[in-house]
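Shown here: model-v3.pdb, PDB, C-alpha atoms.
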ATOM      1  CA  MET A  11      -7.118 -11.251  -6.794
ATOM      2  CA  ILE A  12      -3.508 -12.109  -5.950
ATOM      3  CA  GLU A  13      -2.538 -11.339  -2.336
ATOM      4  CA  TYR A  14       1.131 -12.305  -2.563
ATOM      5  CA  VAL A  15       3.618 -14.239  -4.677
ATOM      6  CA  LYS A  16       6.167 -16.429  -2.917
ATOM      7  CA  GLY A  17       8.882 -18.418  -4.596
ATOM      8  CA  GLU A  18      12.389 -18.551  -5.961
ATOM      9  CA  LEU A  19      13.873 -15.297  -7.220
ATOM     10  CA  ALA A  20      14.678 -16.176 -10.841
ATOM     11  CA  GLU A  21      15.729 -12.707 -12.066
ATOM     12  CA  LEU A  22      16.116  -9.328 -10.411
ATOM     13  CA  THR A  23      16.607  -5.818 -11.760
ATOM     14  CA  PRO A  24      15.981  -2.540  -9.889
ATOM     15  CA  ALA A  25      12.562  -2.325 -11.599
ATOM     16  CA  VAL A  26      11.390  -5.935 -12.018
ATOM     17  CA  ALA A  27      11.602  -9.160 -10.025
ATOM     18  CA  VAL A  28      10.788 -12.465 -11.710
ATOM     19  CA  ILE A  29       9.548 -14.947  -9.121
ATOM     20  CA  ASP A  30       9.357 -18.624 -10.027
ATOM     21  CA  CYS A  31       6.312 -20.218  -8.379
ATOM     22  CA  ASN A  32       6.266 -23.945  -9.204
ATOM     23  CA  GLY A  33       7.529 -23.428 -12.740
ATOM     24  CA  VAL A  34       5.551 -20.257 -13.530
ATOM     25  CA  GLY A  35       7.593 -17.040 -13.656
ATOM     26  CA  TYR A  36       5.734 -13.929 -12.477
ATOM     27  CA  ALA A  37       7.234 -10.619 -13.610
ATOM     28  CA  VAL A  38       6.540  -8.185 -10.791
ATOM     29  CA  ASN A  39       7.193  -4.424 -10.966
ATOM     30  CA  ILE A  40       9.002  -3.319  -7.812
ATOM     31  CA  SER A  41      10.281  -0.132  -6.179
ATOM     32  CA  LEU A  42      13.917   0.466  -5.260
ATOM     33  CA  ASN A  43      12.984  -0.034  -1.584
ATOM     34  CA  THR A  44      11.732  -3.538  -2.345
ATOM     35  CA  TYR A  45      14.738  -4.187  -4.611
ATOM     36  CA  SER A  46      17.117  -3.298  -1.755
ATOM     37  CA  ALA A  47      15.221  -5.570   0.647
ATOM     38  CA  ILE A  48      15.260  -8.678  -1.578
ATOM     39  CA  GLN A  49      18.607  -8.194  -3.332
ATOM     40  CA  GLY A  50      20.958 -11.137  -2.762
ATOM     41  CA  LYS A  51      18.210 -13.501  -1.585
ATOM     42  CA  SER A  52      17.367 -16.763  -3.353
ATOM     43  CA  GLY A  53      13.665 -16.639  -2.546
ATOM     44  CA  CYS A  54      11.161 -13.979  -1.516
ATOM     45  CA  LYS A  55       7.542 -13.148  -0.782
ATOM     46  CA  LEU A  56       6.059 -10.003  -2.315
ATOM     47  CA  TYR A  57       2.648  -8.535  -1.516
ATOM     48  CA  ILE A  58       0.893  -7.835  -4.801
ATOM     49  CA  HIS A  59      -1.325  -5.181  -6.320
ATOM     50  CA  GLU A  60      -2.766  -6.394  -9.608
ATOM     51  CA  ALA A  61      -3.649  -3.688 -12.139
ATOM     52  CA  ILE A  62      -5.913  -5.038 -14.869
ATOM     53  CA  ARG A  63      -6.155  -2.842 -17.947
ATOM     54  CA  GLU A  64      -7.486  -3.420 -21.444
ATOM     55  CA  ASP A  65      -4.019  -3.973 -22.846
ATOM     56  CA  ALA A  66      -2.212  -5.640 -19.913
ATOM     57  CA  HIS A  67      -2.318  -7.308 -16.514
ATOM     58  CA  VAL A  68       0.416  -5.653 -14.444
ATOM     59  CA  LEU A  69       1.678  -6.893 -11.091
ATOM     60  CA  TYR A  70       3.219  -4.478  -8.593
ATOM     61  CA  GLY A  71       5.083  -6.128  -5.722
ATOM     62  CA  PHE A  72       6.022  -4.861  -2.272
ATOM     63  CA  VAL A  73       8.232  -6.314   0.425
ATOM     64  CA  ASP A  74       5.689  -5.402   3.130
ATOM     65  CA  LYS A  75       2.038  -4.424   3.470
ATOM     66  CA  GLN A  76       2.906  -0.895   4.610
ATOM     67  CA  GLU A  77       4.537  -0.079   1.273
ATOM     68  CA  ARG A  78       1.590  -1.598  -0.616
ATOM     69  CA  GLU A  79      -0.870   0.449   1.453
ATOM     70  CA  LEU A  80       1.000   3.661   0.559
ATOM     71  CA  PHE A  81       1.044   2.624  -3.114
ATOM     72  CA  LEU A  82      -2.742   2.110  -3.020
ATOM     73  CA  LEU A  83      -3.198   5.541  -1.425
ATOM     74  CA  LEU A  84      -0.951   7.201  -4.019
ATOM     75  CA  ILE A  85      -2.838   5.752  -7.003
ATOM     76  CA  THR A  86      -6.095   7.233  -5.660
ATOM     77  CA  VAL A  87      -4.653  10.700  -6.351
ATOM     78  CA  SER A  88      -5.708  12.120  -9.716
ATOM     79  CA  GLY A  89      -2.803  12.086 -12.170
ATOM     80  CA  ILE A  90      -0.807   9.386 -10.370
ATOM     81  CA  GLY A  91      -0.709   5.959 -11.939
ATOM     82  CA  GLY A  92       1.105   2.806 -10.928
ATOM     83  CA  ASN A  93       4.464   3.748 -12.420
ATOM     84  CA  THR A  94       4.476   7.226 -10.871
ATOM     85  CA  ALA A  95       3.523   5.781  -7.472
ATOM     86  CA  ARG A  96       6.348   3.253  -7.829
ATOM     87  CA  THR A  97       8.772   6.076  -8.669
ATOM     88  CA  ILE A  98       7.706   7.969  -5.522
ATOM     89  CA  LEU A  99       8.213   4.836  -3.407
ATOM     90  CA  SER A 100      11.631   4.343  -5.033
ATOM     91  CA  ALA A 101      12.715   7.874  -4.157
ATOM     92  CA  LEU A 102      11.366   7.895  -0.586
ATOM     93  CA  SER A 103      11.048   5.103   1.957
ATOM     94  CA  PRO A 104       7.505   4.539   3.318
ATOM     95  CA  ALA A 105       8.457   6.267   6.590
ATOM     96  CA  GLU A 106       9.971   9.253   4.737
ATOM     97  CA  LEU A 107       6.919   9.537   2.481
ATOM     98  CA  CYS A 108       4.570   9.561   5.494
ATOM     99  CA  GLN A 109       6.720  12.267   7.088
ATOM    100  CA  VAL A 110       6.804  14.371   3.876
ATOM    101  CA  ILE A 111       3.009  14.174   3.447
ATOM    102  CA  SER A 112       2.234  14.807   7.140
ATOM    103  CA  ALA A 113       4.554  17.819   7.186
ATOM    104  CA  GLY A 114       3.177  19.152   3.880
ATOM    105  CA  ASN A 115       6.699  19.254   2.416
ATOM    106  CA  VAL A 116       5.936  20.070  -1.246
ATOM    107  CA  THR A 117       9.598  20.870  -1.986
ATOM    108  CA  MET A 118      10.767  17.398  -0.962
ATOM    109  CA  LEU A 119       8.025  15.700  -2.982
ATOM    110  CA  LYS A 120       8.971  17.753  -6.059
ATOM    111  CA  THR A 121      12.475  16.219  -5.973
ATOM    112  CA  VAL A 122      10.890  12.966  -7.240
ATOM    113  CA  LYS A 123      11.304  12.585 -11.008
ATOM    114  CA  GLY A 124       8.055  13.400 -12.822
ATOM    115  CA  ILE A 125       6.371  15.158  -9.880
ATOM    116  CA  GLY A 126       5.680  18.848 -10.428
ATOM    117  CA  GLN A 127       4.338  21.562  -8.120
ATOM    118  CA  LYS A 128       0.636  20.863  -8.753
ATOM    119  CA  THR A 129       0.928  17.084  -8.432
ATOM    120  CA  ALA A 130       2.977  17.407  -5.230
ATOM    121  CA  GLU A 131       0.375  19.762  -3.743
ATOM    122  CA  ARG A 132      -2.449  17.426  -4.806
ATOM    123  CA  VAL A 133      -0.739  14.416  -3.157
ATOM    124  CA  ILE A 134      -0.339  16.328   0.104
ATOM    125  CA  VAL A 135      -3.865  17.781   0.124
ATOM    126  CA  GLU A 136      -5.562  14.462  -0.734
ATOM    127  CA  LEU A 137      -3.445  12.179   1.465
ATOM    128  CA  LYS A 138      -2.560  14.275   4.514
ATOM    129  CA  ASP A 139      -5.642  13.234   6.508
ATOM    130  CA  LYS A 140      -5.554   9.656   5.208
ATOM    131  CA  ILE A 141      -1.939   9.231   6.329
ATOM    132  CA  ARG A 142      -2.775  10.626   9.763
ATOM    133  CA  THR A 143      -5.986   8.617  10.247
ATOM    134  CA  GLY A 144      -4.590   5.499   8.636
ATOM    135  CA  ALA A 145      -1.623   5.622  11.001
ATOM    136  CA  ALA A 146      -2.543   2.213  12.408
ATOM    137  CA  SER A 147      -1.261   0.440   9.318
ATOM    138  CA  ILE A 148       1.193   3.072   8.105
ATOM    139  CA  ASP A 149       3.016   3.154  11.440
ATOM    140  CA  GLY A 150       3.006  -0.619  11.711
ATOM    141  CA  GLY A 151      -0.092  -1.083  13.854
ATOM    142  CA  ALA A 152       0.880   1.352  16.596
ATOM    143  CA  SER A 153      -2.632   2.502  17.463
ATOM    144  CA  VAL A 154      -4.244  -0.950  17.185
ATOM    145  CA  SER A 155      -3.231  -3.675  19.625
ATOM    146  CA  GLY A 156      -1.643  -6.885  18.345
ATOM    147  CA  GLY A 157      -4.791  -9.007  18.602
ATOM    148  CA  ASN A 158      -6.773  -6.440  16.637
ATOM    149  CA  SER A 159      -4.348  -6.040  13.757
ATOM    150  CA  ALA A 160      -5.616  -9.308  12.212
ATOM    151  CA  VAL A 161      -9.244  -8.135  12.618
ATOM    152  CA  LEU A 162      -8.270  -4.749  11.118
ATOM    153  CA  GLU A 163      -6.605  -6.335   8.074
ATOM    154  CA  GLU A 164      -9.420  -8.820   7.507
ATOM    155  CA  ALA A 165     -12.173  -6.200   7.821
ATOM    156  CA  VAL A 166     -10.437  -3.716   5.489
ATOM    157  CA  ALA A 167      -9.746  -6.486   2.951
ATOM    158  CA  ALA A 168     -13.420  -7.541   3.026
ATOM    159  CA  LEU A 169     -14.637  -3.952   2.599
ATOM    160  CA  THR A 170     -12.291  -3.269  -0.326
ATOM    161  CA  MET A 171     -13.446  -6.503  -2.010
ATOM    162  CA  LEU A 172     -17.006  -5.223  -1.633
ATOM    163  CA  GLY A 173     -16.076  -2.061  -3.526
ATOM    164  CA  PHE A 174     -15.277   0.427  -0.764
ATOM    165  CA  ALA A 175     -12.049   2.446  -1.071
ATOM    166  CA  ALA A 176      -9.183   1.143   1.083
ATOM    167  CA  ALA A 177      -8.248   4.364   2.908
ATOM    168  CA  PRO A 178     -11.751   5.381   4.138
ATOM    169  CA  SER A 179     -12.474   1.733   5.047
ATOM    170  CA  GLN A 180      -9.316   1.595   7.122
ATOM    171  CA  LYS A 181     -10.164   4.861   8.874
ATOM    172  CA  VAL A 182     -13.638   3.591   9.832
ATOM    173  CA  VAL A 183     -12.359   0.163  10.961
ATOM    174  CA  VAL A 184      -9.636   1.741  13.144
ATOM    175  CA  ALA A 185     -12.280   3.992  14.751
ATOM    176  CA  ILE A 186     -14.586   1.015  15.427
ATOM    177  CA  LEU A 187     -11.746  -1.030  16.955
ATOM    178  CA  LYS A 188     -10.789   1.881  19.223
ATOM    179  CA  GLU A 189     -14.386   1.985  20.517
ATOM    180  CA  GLU A 190     -14.792  -1.802  20.741
ATOM    181  CA  PRO A 191     -11.382  -3.528  20.915
ATOM    182  CA  GLN A 192     -12.903  -7.026  21.320
ATOM    183  CA  ALA A 193     -15.348  -6.805  18.390
ATOM    184  CA  PRO A 194     -15.250  -9.793  15.998
ATOM    185  CA  VAL A 195     -14.617  -9.228  12.272
ATOM    186  CA  GLU A 196     -18.287  -9.710  11.268
ATOM    187  CA  GLN A 197     -19.469  -7.075  13.746
ATOM    188  CA  VAL A 198     -16.766  -4.618  12.639
ATOM    189  CA  ILE A 199     -17.780  -5.047   8.991
ATOM    190  CA  LYS A 200     -21.494  -4.559   9.770
ATOM    191  CA  GLN A 201     -20.748  -1.358  11.696
ATOM    192  CA  ALA A 202     -18.464  -0.139   8.913
ATOM    193  CA  PHE A 203     -21.335  -0.518   6.399
ATOM    194  CA  LYS A 204     -23.362   1.962   8.425
ATOM    195  CA  ARG A 205     -20.531   4.509   8.532
ATOM    196  CA  LEU A 206     -19.215   4.320   4.983
TER     197      LEU A 206
END
Just give me the structure as structure tokens.
Amino acid sequence: MIEYVKGELAELTPAVAVIDCNGVGYAVNISLNTYSAIQGKSGCKLYIHEAIREDAHVLYGFVDKQERELFLLLITVSGIGGNTARTILSALSPAELCQVISAGNVTMLKTVKGIGQKTAERVIVELKDKIRTGAASIDGGASVSGGNSAVLEEAVAALTMLGFAAAPSQKVVVAILKEEPQAPVEQVIKQAFKRL
């Protein structure tokens, strides 16, 4: 599993960044938000989601973990694949998308190319609670103190590697850390097993 790719920016288009890492060029699919953030830079670091299919290995890259987290939430919605999720994140910034989903603004979501009434409603219904409960990472760690954000990230990463979905794992870990702010990662993971 690739966590991030860091290197020289060899080529850049609004849809794809080619990052040279020690002589190997990784073609990474990006959103317009990420494109705007890295445009004009010689090097960059992109957080990666690797989609492995029968016919291809596709890398999706994000300038920050918040955008990647939203991407991962979007692709859990039935009918939304990687390219559609990338289109949504190109049309709306992560903060705008959180606001649109929280407010249940179907009309705004329908302005995204390829998103119809039913898909927009499905996104809002399926993600409204996840956006609210996952606010710790979506809002940049607001509800989890600085020392705990590393524990939060590590615990969620471990749970997702063990096959649990990212959004429910995050919700449970945030709840555990609110109850026991000083809990070490191992203890948080053990408690999460019981709740998931």
Spatial sel., origin (10.2, -19.8, -9.5), limit 12 Å, all atoms listed in the file, listed as a ChimeraX atom specification: /A:15-21,27-37,52-55
Next, dump the selected residues to file, keeping only C-alpha atoms, as a PDB file, in the coordinates of the input.
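Output below, filename out33.pdb:
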ATOM      1  CA  VAL A  15       3.618 -14.239  -4.677  1.00  0.00           C
ATOM      2  CA  LYS A  16       6.167 -16.429  -2.917  1.00  0.00           C
ATOM      3  CA  GLY A  17       8.882 -18.418  -4.596  1.00  0.00           C
ATOM      4  CA  GLU A  18      12.389 -18.551  -5.961  1.00  0.00           C
ATOM      5  CA  LEU A  19      13.873 -15.297  -7.220  1.00  0.00           C
ATOM      6  CA  ALA A  20      14.678 -16.176 -10.841  1.00  0.00           C
ATOM      7  CA  GLU A  21      15.729 -12.707 -12.066  1.00  0.00           C
ATOM      8  CA  ALA A  27      11.602  -9.160 -10.025  1.00  0.00           C
ATOM      9  CA  VAL A  28      10.788 -12.465 -11.710  1.00  0.00           C
ATOM     10  CA  ILE A  29       9.548 -14.947  -9.121  1.00  0.00           C
ATOM     11  CA  ASP A  30       9.357 -18.624 -10.027  1.00  0.00           C
ATOM     12  CA  CYS A  31       6.312 -20.218  -8.379  1.00  0.00           C
ATOM     13  CA  ASN A  32       6.266 -23.945  -9.204  1.00  0.00           C
ATOM     14  CA  GLY A  33       7.529 -23.428 -12.740  1.00  0.00           C
ATOM     15  CA  VAL A  34       5.551 -20.257 -13.530  1.00  0.00           C
ATOM     16  CA  GLY A  35       7.593 -17.040 -13.656  1.00  0.00           C
ATOM     17  CA  TYR A  36       5.734 -13.929 -12.477  1.00  0.00           C
ATOM     18  CA  ALA A  37       7.234 -10.619 -13.610  1.00  0.00           C
ATOM     19  CA  SER A  52      17.367 -16.763  -3.353  1.00  0.00           C
ATOM     20  CA  GLY A  53      13.665 -16.639  -2.546  1.00  0.00           C
ATOM     21  CA  CYS A  54      11.161 -13.979  -1.516  1.00  0.00           C
ATOM     22  CA  LYS A  55       7.542 -13.148  -0.782  1.00  0.00           C
TER      23      LYS A  55
END
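Nearest to Arg63 (chain A) of all the residues A:Val166, A:Lys120, A:Thr44, A:Gly91 is A:Gly91, based on only C-alpha atoms.
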Selection dump of the PyMOL selection byres ((chain A and resi 84-86) around 10), as a count of residues only: 24
Gap from CA of Leu172 (chain A) to CA of Ala202 (chain A) - Å, one decimal: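 Taking CA of Leu172 (chain A) as the start and CA of Ala202 (chain A) as the end point, the length is 11.8 Å.
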Answer as a list in words, residues within 8 Å of (-9.1, 3.5, 8.1) using all atoms listed in the file: Lys140, Thr143, Gly144, Ala146, Val166, Ala176, Ala177, Pro178, Ser179, Gln180, Lys181, Val182, Val183, Val184 and Ala185 of chain A
Picked residues, the PyMOL selection byres ((chain A and resi 194) around 12), expected as a list of chain:residue names: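 On this input, the PyMOL selection byres ((chain A and resi 194) around 12) captures A:Gly157, A:Asn158, A:Ser159, A:Ala160, A:Val161, A:Leu162, A:Glu164, A:Ala165, A:Val183, A:Ile186, A:Leu187, A:Glu190, A:Pro191, A:Gln192, A:Ala193, A:Val195, A:Glu196, A:Gln197, A:Val198, A:Ile199, A:Lys200, A:Gln201.
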A:Ile48, A:Leu119, A:Val38, A:Ile58 ranked by distance to Ile134 (chain A), top pick (using all atoms listed in the file): A:Leu119
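Candidate residues A:Leu169, A:Ala47, A:Met11, A:Ala130 were compared for distance to Thr117 (chain A), and the nearest is A:Ala130, using only C-alpha atoms.
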Top pick for closest residue to Ile141 (chain A), considering A:Gly50, A:Glu163, A:Glu60, A:Ile111 and counting only C-alpha atoms: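 Ranked by minimum distance to Ile141 (chain A), first place goes to A:Ile111.
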Shortest interatomic distance to Ser100 (chain A) - which of A:Ile12, A:Ser41, A:Lys128, A:His67, counting only C-alpha atoms: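 Smallest separation from Ser100 (chain A) among the options: A:Ser41.
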Thr121 (chain A) environment, 12 Å, all atoms listed in the file, sequence neighbours closer than 2 positions dropped, as a ChimeraX atom specification: /A:97-98,100-102,110,115-119,123-127,129-130
Selection result for the PyMOL selection byres ((chain A and resi 105) around 10) on this file, as number ranges by chain: A: 76-77, 80, 102-104, 106-110, 148-149
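CA of Ile40 (chain A) is found 11.6 Å from CA of Asp74 (chain A).
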Computed interatomic separation between CA of Lys51 (chain A) and CA of Pro24 (chain A) (Å):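 These atoms are spaced 13.9 Å apart.
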